[in-house]
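Source file: final.txt; contents: compact mmCIF, C-alpha atoms.
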```
# COMPACT_ATOMS: atom_id res chain seq x y z
CA MET A 377 -21.98 1.11 -4.19
CA ASN A 378 -25.02 -1.06 -4.42
CA LEU A 379 -25.63 -4.28 -2.55
CA ALA A 380 -24.62 -6.57 -5.41
CA GLN A 381 -21.32 -4.73 -5.90
CA HIS A 382 -20.49 -5.08 -2.21
CA LEU A 383 -21.29 -8.79 -2.24
CA GLU A 384 -19.16 -9.36 -5.36
CA LYS A 385 -16.22 -7.86 -3.50
CA VAL A 386 -16.94 -10.00 -0.45
CA ALA A 387 -16.88 -13.13 -2.64
CA ARG A 388 -13.47 -12.15 -4.05
CA TYR A 389 -12.07 -11.30 -0.63
CA GLU A 390 -13.32 -14.55 0.87
CA ALA A 391 -11.83 -16.57 -1.99
CA LEU A 392 -8.47 -14.96 -1.19
CA MET A 393 -8.90 -15.55 2.55
CA GLU A 394 -9.08 -19.26 1.72
CA ARG A 395 -5.59 -19.04 0.20
CA LEU A 396 -4.06 -16.86 2.89
CA ASP A 397 -3.04 -18.27 6.25
CA ALA A 398 -4.59 -16.09 8.94
CA PHE A 399 -1.45 -16.40 11.10
CA ARG A 400 1.43 -16.55 8.60
CA ASP A 401 -0.10 -13.91 6.30
CA PHE A 402 -1.70 -11.97 9.13
CA GLU A 403 -0.95 -8.45 7.91
CA LEU A 404 -2.63 -8.93 4.52
CA TRP A 405 -5.24 -11.33 5.92
CA VAL A 406 -6.44 -8.86 8.58
CA TRP A 407 -6.63 -6.06 6.01
CA VAL A 408 -8.65 -8.28 3.68
CA ALA A 409 -10.90 -9.42 6.54
CA MET A 410 -11.48 -5.79 7.51
CA SER A 411 -12.22 -4.86 3.89
CA SER A 412 -14.58 -7.79 3.38
CA GLY A 413 -16.33 -7.20 6.68
CA THR A 414 -16.76 -3.51 5.89
CA ASN A 415 -18.33 -4.42 2.55
CA VAL A 416 -20.71 -6.81 4.31
CA LEU A 417 -21.57 -4.07 6.79
CA ASN A 418 -22.19 -1.58 3.99
CA ALA A 419 -24.40 -4.08 2.16
CA ALA A 420 -26.42 -4.70 5.33
CA LEU A 421 -26.70 -0.96 6.08
CA HIS A 422 -28.06 -0.41 2.57
CA ALA A 423 -30.40 -3.40 2.90
CA ALA A 424 -31.74 -2.00 6.18
CA GLY A 425 -32.27 1.42 4.58
CA ILE A 426 -29.85 3.13 6.95
CA THR A 427 -27.30 4.34 4.38
CA SER A 428 -27.55 5.27 0.72
CA ASP A 429 -26.37 2.87 -1.98
CA ARG A 430 -26.03 5.63 -4.59
CA ALA A 431 -23.20 5.40 -7.12
CA CYS A 432 -20.39 7.17 -5.29
CA TYR A 433 -17.15 6.06 -3.72
CA PRO A 434 -15.92 7.29 -0.33
CA VAL A 435 -12.56 9.05 -0.32
CA ARG A 436 -12.44 10.25 3.26
CA PRO A 437 -15.13 10.50 5.92
CA ASN A 438 -18.13 12.32 4.40
CA ARG A 439 -16.38 12.96 1.07
CA TYR A 440 -17.31 10.99 -2.00
CA MET A 441 -16.21 10.66 -5.59
CA VAL A 442 -19.36 11.12 -7.67
CA PRO A 443 -19.77 10.66 -11.42
CA GLY A 444 -19.25 13.89 -13.33
CA ALA A 445 -21.31 15.32 -16.18
CA SER A 446 -19.53 13.28 -18.86
CA PRO A 447 -18.53 9.61 -18.82
CA GLY A 448 -15.26 8.86 -17.07
CA THR A 449 -15.20 12.14 -15.16
CA TRP A 450 -15.53 12.45 -11.41
CA THR A 451 -15.94 15.19 -8.86
CA GLN A 452 -15.58 15.16 -5.09
CA GLU A 453 -18.46 16.30 -2.94
CA GLU A 454 -20.01 15.89 0.47
CA GLY A 455 -23.35 14.18 0.63
CA PRO A 456 -25.70 11.98 2.65
CA LEU A 457 -24.07 8.99 4.27
CA GLY A 458 -23.21 6.38 1.67
CA ASP A 459 -20.62 3.67 2.18
CA VAL A 460 -18.67 3.85 5.43
CA LEU A 461 -14.88 3.57 5.15
CA HIS A 462 -14.52 1.54 8.33
CA VAL A 463 -16.81 0.66 11.21
CA ASP A 464 -17.42 4.00 13.04
CA VAL A 465 -15.75 6.00 10.21
CA PRO A 466 -17.80 8.07 9.80
CA ALA A 467 -20.02 7.48 12.79
CA ILE A 468 -23.62 6.51 12.02
CA GLU A 469 -26.07 8.66 13.96
CA ALA A 470 -29.11 6.46 13.32
CA ALA A 471 -29.94 3.72 15.80
CA LEU A 472 -28.79 0.35 14.49
CA PRO A 473 -30.71 -2.92 14.72
CA THR A 474 -29.26 -5.32 17.28
CA ALA A 475 -27.84 -7.54 14.53
CA LEU A 476 -25.89 -4.65 13.04
CA GLU A 477 -24.62 -3.56 16.45
CA ARG A 478 -23.27 -7.11 16.78
CA ALA A 479 -21.65 -6.90 13.35
CA CYS A 480 -20.02 -3.59 14.30
CA GLU A 481 -18.71 -5.08 17.56
CA ALA A 482 -17.18 -7.96 15.63
CA LEU A 483 -15.56 -5.61 13.13
CA ARG A 484 -14.07 -3.55 15.98
CA VAL A 485 -12.14 -6.65 17.09
CA ILE A 486 -10.54 -6.82 13.63
CA GLU A 487 -10.00 -3.05 13.46
CA ASP A 488 -8.30 -3.06 16.87
CA ALA A 489 -5.71 -5.52 15.57
CA ARG A 490 -5.30 -3.97 12.13
CA ASP A 491 -3.16 -0.87 12.49
CA PRO A 492 -0.99 -2.03 15.43
CA CYS A 493 -0.08 -5.23 13.55
CA VAL A 494 0.06 -3.83 10.01
CA ARG A 495 1.77 -0.51 10.62
CA GLY A 496 3.30 -1.28 14.00
CA LEU A 497 4.95 -4.04 15.93
CA ARG A 498 2.18 -5.56 18.01
CA GLU A 499 3.01 -9.24 18.33
CA ILE A 500 1.06 -11.43 15.94
CA THR A 501 0.10 -14.65 17.69
CA PRO A 502 -1.97 -17.67 16.64
CA GLU A 503 -4.46 -16.67 19.34
CA LEU A 504 -4.89 -13.20 17.83
CA ALA A 505 -5.40 -14.68 14.36
CA THR A 506 -7.97 -17.12 15.74
CA ALA A 507 -9.82 -14.31 17.54
CA CYS A 508 -9.95 -12.24 14.35
CA GLU A 509 -11.18 -15.23 12.34
CA ALA A 510 -13.97 -15.74 14.89
CA ALA A 511 -14.85 -12.05 14.77
CA TYR A 512 -15.05 -12.14 10.97
CA ARG A 513 -17.39 -15.16 11.09
CA ASP A 514 -19.52 -13.38 13.69
CA CYS A 515 -19.82 -10.30 11.47
CA ILE A 516 -20.98 -12.49 8.59
CA GLU A 517 -23.46 -14.41 10.76
CA ALA A 518 -24.89 -11.21 12.26
CA THR A 519 -25.58 -9.62 8.88
CA LYS A 520 -26.88 -12.76 7.18
CA PRO A 521 -30.58 -12.44 8.17
CA ILE A 522 -30.77 -8.83 6.97
CA LEU A 523 -29.09 -9.65 3.67
CA GLU A 524 -31.10 -12.83 3.12
CA GLU A 525 -34.35 -10.99 3.77
CA ARG A 526 -33.42 -8.31 1.26
CA LEU A 527 -32.10 -10.73 -1.35
CA GLY A 528 -35.06 -13.05 -0.87
CA GLY A 529 -37.42 -10.14 -1.26
CA ALA A 530 -35.62 -8.99 -4.38
CA GLY A 531 -35.72 -12.51 -5.87
CA MET B 227 10.06 1.14 13.81
CA THR B 228 13.63 0.69 12.61
CA PRO B 229 14.56 0.42 8.94
CA GLU B 230 15.09 -3.33 9.40
CA GLN B 231 11.63 -3.76 10.93
CA HIS B 232 10.01 -1.90 8.02
CA HIS B 233 12.04 -4.03 5.60
CA GLU B 234 10.72 -7.19 7.23
CA LYS B 235 7.10 -5.97 7.20
CA ALA B 236 7.37 -5.04 3.52
CA GLU B 237 8.73 -8.48 2.68
CA ARG B 238 5.96 -10.21 4.66
CA PHE B 239 3.38 -8.27 2.63
CA GLU B 240 5.11 -9.18 -0.62
CA ARG B 241 5.15 -12.89 0.29
CA SER B 242 1.39 -12.73 0.91
CA LEU B 243 0.80 -10.69 -2.24
CA ALA B 244 2.38 -13.52 -4.23
CA LEU B 245 -0.72 -15.57 -3.35
CA CYS B 246 -3.01 -13.04 -5.05
CA GLY B 247 -4.19 -13.42 -8.63
CA ASP B 248 -5.71 -10.98 -11.09
CA ALA B 249 -9.15 -11.46 -9.54
CA ASP B 250 -7.82 -10.19 -6.22
CA HIS B 251 -7.26 -6.69 -7.51
CA GLU B 252 -8.56 -4.96 -4.38
CA ALA B 253 -6.11 -6.88 -2.19
CA ARG B 254 -3.29 -6.23 -4.65
CA ILE B 255 -3.90 -2.47 -4.52
CA GLU B 256 -4.22 -2.39 -0.73
CA GLY B 257 -1.29 -4.75 -0.17
CA ALA B 258 0.88 -2.78 -2.59
CA MET B 259 0.03 0.44 -0.75
CA LEU B 260 0.90 -1.08 2.62
CA ALA B 261 4.11 -2.75 1.46
CA ALA B 262 5.13 0.46 -0.31
CA SER B 263 4.57 2.49 2.86
CA HIS B 264 7.02 0.18 4.65
CA TRP B 265 9.60 0.52 1.85
CA ILE B 266 9.29 4.31 2.03
CA ASN B 267 9.67 4.29 5.81
CA PHE B 268 12.63 1.92 5.45
CA VAL B 269 14.50 4.42 3.29
CA LEU B 270 13.33 7.53 5.19
CA HIS B 271 14.63 6.09 8.47
CA ALA B 272 17.79 4.63 6.86
CA LEU B 273 18.69 8.09 5.56
CA ALA B 274 17.63 9.73 8.86
CA LEU B 275 15.06 11.82 6.98
CA SER B 276 12.49 10.85 9.59
CA PRO B 277 12.94 9.40 13.08
CA PRO B 278 11.89 5.80 13.85
CA ASP B 279 8.89 7.02 15.85
CA LYS B 280 7.48 9.08 12.96
CA ASP B 281 6.22 6.93 10.13
CA PHE B 282 4.99 8.00 6.73
CA GLN B 283 1.45 6.74 6.15
CA HIS B 284 -0.46 8.68 3.49
CA PRO B 285 0.93 11.47 1.27
CA TYR B 286 -1.95 13.78 2.19
CA PHE B 287 -0.71 13.77 5.79
CA LEU B 288 2.64 15.29 4.76
CA THR B 289 3.30 19.00 5.11
CA ASP B 290 4.51 20.80 1.99
CA ASP B 291 7.98 21.06 3.54
CA GLU B 292 8.12 17.34 4.33
CA ARG B 293 7.02 16.46 0.82
CA ALA B 294 9.62 18.74 -0.73
CA THR B 295 12.37 17.35 1.51
CA TYR B 296 11.47 13.74 0.76
CA ASP B 297 11.14 14.40 -2.97
CA GLN B 298 14.54 16.05 -3.07
CA ALA B 299 16.23 13.22 -1.17
CA LEU B 300 14.44 10.25 -2.74
CA GLY B 301 13.60 11.60 -6.19
CA SER B 302 10.06 12.70 -6.83
CA GLU B 303 9.19 9.49 -8.71
CA LEU B 304 9.01 7.46 -5.50
CA LEU B 305 6.22 9.40 -3.85
CA ARG B 306 4.55 9.99 -7.22
CA ALA B 307 4.34 6.22 -7.60
CA TYR B 308 2.83 6.02 -4.12
CA ASP B 309 0.33 8.77 -5.03
CA GLU B 310 -0.69 6.70 -8.03
CA ILE B 311 -1.41 3.63 -5.88
CA GLU B 312 -3.47 5.80 -3.51
CA ASP B 313 -5.41 7.22 -6.45
CA LEU B 314 -6.50 3.71 -7.48
CA ARG B 315 -8.23 3.08 -4.15
CA PRO B 316 -11.45 5.13 -4.47
CA PHE B 317 -12.27 3.67 -7.88
CA TYR B 318 -11.21 0.04 -7.56
CA VAL B 319 -11.16 -0.76 -3.82
CA ARG B 320 -13.93 1.42 -2.41
CA GLY B 321 -15.62 1.56 -5.78
CA ALA B 322 -16.35 -0.90 -8.55
CA ASP B 323 -15.07 0.74 -11.71
CA ALA B 324 -14.29 -1.39 -14.74
CA GLY B 325 -10.63 -2.21 -15.19
CA GLY B 326 -9.89 -3.49 -11.70
CA GLU B 327 -7.58 -6.29 -12.84
CA ALA B 328 -5.37 -3.89 -14.81
CA ALA B 329 -5.36 -1.54 -11.82
CA GLY B 330 -4.20 -4.38 -9.57
CA ARG B 331 -1.35 -5.22 -11.93
CA ARG B 332 -0.42 -1.53 -12.11
CA ALA B 333 -0.29 -1.36 -8.30
CA LEU B 334 2.21 -4.23 -8.25
CA ALA B 335 4.36 -2.55 -10.91
CA LEU B 336 4.38 0.65 -8.85
CA LEU B 337 5.35 -1.37 -5.78
CA ASP B 338 8.30 -2.82 -7.73
CA LEU B 339 9.38 0.70 -8.65
CA ILE B 340 9.11 1.89 -5.05
CA ARG B 341 11.00 -1.12 -3.66
CA GLN B 342 13.82 -0.73 -6.16
CA GLY B 343 14.01 3.01 -5.59
CA ALA B 344 14.04 2.64 -1.82
CA HIS B 345 16.83 0.08 -1.95
CA ALA B 346 18.89 2.18 -4.36
CA LYS B 347 18.55 5.32 -2.25
CA SER B 348 19.24 3.50 1.01
CA THR B 349 22.63 2.44 -0.34
CA GLY B 350 23.46 5.86 -1.70
CA GLY B 351 22.20 5.24 -5.24
```

Before anything else, please render the file you have as structure tokens.
Amino acid sequence: MNLAQHLEKVARYEALMERLDAFRDFELWVWVAMSSGTNVLNAALHAAGITSDRACYPVRPNRYMVPGASPGTWTQEEGPLGDVLHVDVPAIEAALPTALERACEALRVIEDARDPCVRGLREITPELATACEAAYRDCIEATKPILEERLGGAG
Amino acid sequence: MTPEQHHEKAERFERSLALCGDADHEARIEGAMLAASHWINFVLHALALSPPDKDFQHPYFLTDDERATYDQALGSELLRAYDEIEDLRPFYVRGADAGGEAAGRRALALLDLIRQGAHAKSTGG
């Protein structure tokens, strides 16, 4: 997806995060935070020229749905790295700018809580919710300069 | 996780999903998938089709034998409904196809079907 499409999704996710309570709705909140953060990361990776923003949707690591020959048709194929599914999935071989390393670190905090709390029984505490909220904000802050530079340049 | 624990997780997701509107179609699709996975695990464990330490997660992780066994016990419509939610994800969650709001509503309808089916089967229906 392109940068604008990622940022449209982020806006929708963040509007929902305002309505969800990070503690009471933790399972959906943490999934939404992960999804929004991953979109921000993808937007920043595209803006930095590290991954491709071509029109394709990831299905599994390194497999993408790509538009077929006629409208409304799709095929699956492998290709150059486009959108990542999660931080580190698939791994990015290129060296990342310090700001994006920081964004990835922040996203790992959210990812570490996601599956154990969503699919398992790890205790959900106010402290965990607060830590994930802080990590989400850090991810946004870390990517902001890269996105603002790109958007400013485009405008 | 026990059937009761999956039941509780599914209900927590559904309470949060009630806060989503049409514009939140990505969250509806993802939340429906996650709640549905708990309903399916609820019934699989309740019927002793899978042990509490072996949870269903994505249909593509199932062996052919597991899929056939689950389809026979639960009725194939349950996992077909789950497949349909999964199939929405590349286009409307990881992608930006037109029609996201309708896809989100469809995910919730499929979740209703899965919840009702899981409850019916868990009580011998």

Subject >> Interface list for chain A, partner chain B, 9 Å threshold, all atoms listed in the file, as an NGL selection string >> reply: :A and (377 or 381-382 or 385 or 388-389 or 391-392 or 395-397 or 400-405 or 407-408 or 411 or 415 or 431-435 or 440-441 or 459 or 461 or 494-497)

Show me, as a PDB file with C-alpha atoms, keeping the file's coordinate frame, the residues that have an atom within 10 Å of Tyr286 in chain B when counting only C-alpha atoms, minus same-chain residues fewer than 3 positions from it.
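Listing of out.pdb after writing:
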```
ATOM      1  CA  GLN B 283       1.450   6.740   6.150  1.00  0.00           C
ATOM      2  CA  THR B 289       3.300  19.000   5.110  1.00  0.00           C
ATOM      3  CA  ASP B 290       4.510  20.800   1.990  1.00  0.00           C
ATOM      4  CA  ARG B 293       7.020  16.460   0.820  1.00  0.00           C
ATOM      5  CA  ASP B 309       0.330   8.770  -5.030  1.00  0.00           C
ATOM      6  CA  GLU B 312      -3.470   5.800  -3.510  1.00  0.00           C
TER       7      GLU B 312
END
```

Original post:
What's the 12 Å shell around Leu472 in chain A, counting all atoms listed in the file, without same-chain residues fewer than 6 positions away, as a ChimeraX atom specification?
Top reply: /A:417,420-422,424-427,478-481,519

**OP:** Please check which residues have atoms at most 12 Å from (-29.9, -11.6, 2.1) in the file's coordinates, counting all atoms listed in the file, and write them as a ChimeraX atom specification.
**Re:** /A:379-380,383,416,419-424,516-531

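Here CA of Ser428 in chain A is placed at a distance of 23.8 Å from CA of Tyr512 in chain A.
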
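You can rank A:Val386, A:Leu476, A:Val442, A:Cys508 by their closest distance to Arg490 in chain A using only C-alpha atoms, and at the top of that list sits A:Cys508.
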
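Between CA of Pro456 in chain A and CA of Arg430 in chain A the separation is 9.6 Å.
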
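The space between CA of Ala510 in chain A and CA of Val465 in chain A spans 22.3 Å.
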
Please provide the set of residues having any atom within 12 Å of Ala299 in chain B, restricted to all atoms listed in the file, with same-chain residues fewer than 2 positions apart removed, written as a PDB file with C-alpha atoms, keeping the file's coordinate frame.
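File produced: around.pdb:
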```pdb
ATOM      1  CA  ILE B 266       9.290   4.310   2.030  1.00  0.00           C
ATOM      2  CA  VAL B 269      14.500   4.420   3.290  1.00  0.00           C
ATOM      3  CA  LEU B 270      13.330   7.530   5.190  1.00  0.00           C
ATOM      4  CA  ALA B 272      17.790   4.630   6.860  1.00  0.00           C
ATOM      5  CA  LEU B 273      18.690   8.090   5.560  1.00  0.00           C
ATOM      6  CA  ALA B 274      17.630   9.730   8.860  1.00  0.00           C
ATOM      7  CA  LEU B 275      15.060  11.820   6.980  1.00  0.00           C
ATOM      8  CA  SER B 276      12.490  10.850   9.590  1.00  0.00           C
ATOM      9  CA  GLU B 292       8.120  17.340   4.330  1.00  0.00           C
ATOM     10  CA  ARG B 293       7.020  16.460   0.820  1.00  0.00           C
ATOM     11  CA  ALA B 294       9.620  18.740  -0.730  1.00  0.00           C
ATOM     12  CA  THR B 295      12.370  17.350   1.510  1.00  0.00           C
ATOM     13  CA  TYR B 296      11.470  13.740   0.760  1.00  0.00           C
ATOM     14  CA  ASP B 297      11.140  14.400  -2.970  1.00  0.00           C
ATOM     15  CA  GLY B 301      13.600  11.600  -6.190  1.00  0.00           C
ATOM     16  CA  SER B 302      10.060  12.700  -6.830  1.00  0.00           C
ATOM     17  CA  GLU B 303       9.190   9.490  -8.710  1.00  0.00           C
ATOM     18  CA  LEU B 304       9.010   7.460  -5.500  1.00  0.00           C
ATOM     19  CA  LEU B 305       6.220   9.400  -3.850  1.00  0.00           C
ATOM     20  CA  GLY B 343      14.010   3.010  -5.590  1.00  0.00           C
ATOM     21  CA  ALA B 344      14.040   2.640  -1.820  1.00  0.00           C
ATOM     22  CA  ALA B 346      18.890   2.180  -4.360  1.00  0.00           C
ATOM     23  CA  LYS B 347      18.550   5.320  -2.250  1.00  0.00           C
ATOM     24  CA  SER B 348      19.240   3.500   1.010  1.00  0.00           C
ATOM     25  CA  GLY B 350      23.460   5.860  -1.700  1.00  0.00           C
ATOM     26  CA  GLY B 351      22.200   5.240  -5.240  1.00  0.00           C
TER      27      GLY B 351
END
```

**OP:** Can you work out which one of A:Thr474, A:Ser446, A:Ser412, A:Asn378 has the shortest atom-to-atom distance to Arg513 in chain A, counting all atoms listed in the file?
**Re:** A:Ser412
